[in-house]
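K.L.:
My questions all concern the structure below.
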Amino acid sequence: MSTSPMPHTQFDERYSDKDAAAVPWPTAVSRLTEAELYWLTTVRPDARPHVTPLIGVWADGALHFCTGPHERKAENLRGNPNVALTTGSNSLHTGLDLVVEGEATRVTDSGRLRALATAWETKYGAEWHFDVGDGVFVNPEAGEALVFAVSPHTVFGFGKAPYSQTRWRFA
């Protein structure tokens, strides 16, 4: 699957150590690709946030996740597709934390779903095998899952040791 387009990079010196530098976008893509766990933030109909951990796949310039059609996150997305996905390290002095902001859009194309199902199983193992149904992932034990892609509008990178803040904006 292809890589993402090159965004406009901004380094924010106000929130960075004096010897820090902007994180290159390919480094962020590598971390988004390799991460095993992400945190998804959606907005409930009453405007309260909903945050949940999930697994996902970075492919074709977007972060992909799936969810059951009746789960809270799926219900929230029906009313408001704006999301934030985060990943990183719980360490204070090591790692790179990333926040992906964008709109979650359904993936229903069978060919793309097959490619994503393969990517899921390659990344997470046979436990996360999905067949492809009519516009959905299908797992014989868990049922159907809606698949969403989040093409970023903005991504923030928070480096640690040295501390840095990089923002990538997409046109």
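Every chain in the structure tokens takes a letter, A first, then B, and so on in the order presented; its residues are numbered from 1, and the ligands are numbered from 1 following the presented order.
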Write out as a ChimeraX atom specification all residues of range 6-153 of chain A that DSSP puts in strand (DSSP E) for this structure's backbone.

P.N.:
/A:8-11,38-43,49-54,57-59,62-67,82-87,96-107,131-132,137-139,143-153

K.L.:
So that each row is one residue of range 3-86 of chain A with an atom at most 9 Å from range 102-124 of chain A, can you give its shortest atom pair and the distance in Å to one decimal, using only C-alpha atoms, rows by chain and rising number, as CSV?

P.N.:
residue,atom,partner,partner_atom,distance
A:Glu34,CA,A:Lys123,CA,8.5
A:Glu36,CA,A:Tyr124,CA,8.0
A:Ile55,CA,A:Tyr124,CA,8.6
A:Gly56,CA,A:Trp120,CA,7.4
A:Val57,CA,A:Trp120,CA,6.5
A:Trp58,CA,A:Ala119,CA,9.0
A:Ala59,CA,A:Leu116,CA,7.9
A:His64,CA,A:Leu116,CA,8.3
A:Leu77,CA,A:Ala104,CA,7.4
A:Asn80,CA,A:Glu103,CA,8.6
A:Pro81,CA,A:Glu103,CA,5.1
A:Asn82,CA,A:Glu103,CA,4.5
A:Val83,CA,A:Gly102,CA,5.7
A:Ala84,CA,A:Gly102,CA,6.6
A:Leu85,CA,A:Gly102,CA,8.6

K.L.:
What is the CA of Ala149 in chain A-CA of Pro26 in chain A distance in Å, reported with one decimal?

P.N.:
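About the pair CA of Ala149 in chain A and CA of Pro26 in chain A: they are 19.3 Å apart.
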
K.L.:
With distances taken over only C-alpha atoms, which residue among A:Pro152, A:Pro162, A:Gly61, A:Gly143 lies nearest Leu92 in chain A?

P.N.:
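Selected residue with least distance to Leu92 in chain A: A:Pro162.
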
K.L.:
Which one of A:Gln165, A:Thr67, A:Thr86, A:Glu75 sits closest to Glu144 in chain A if you count only C-alpha atoms?

P.N.:
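Closest to Glu144 in chain A of all the choices is A:Thr67.
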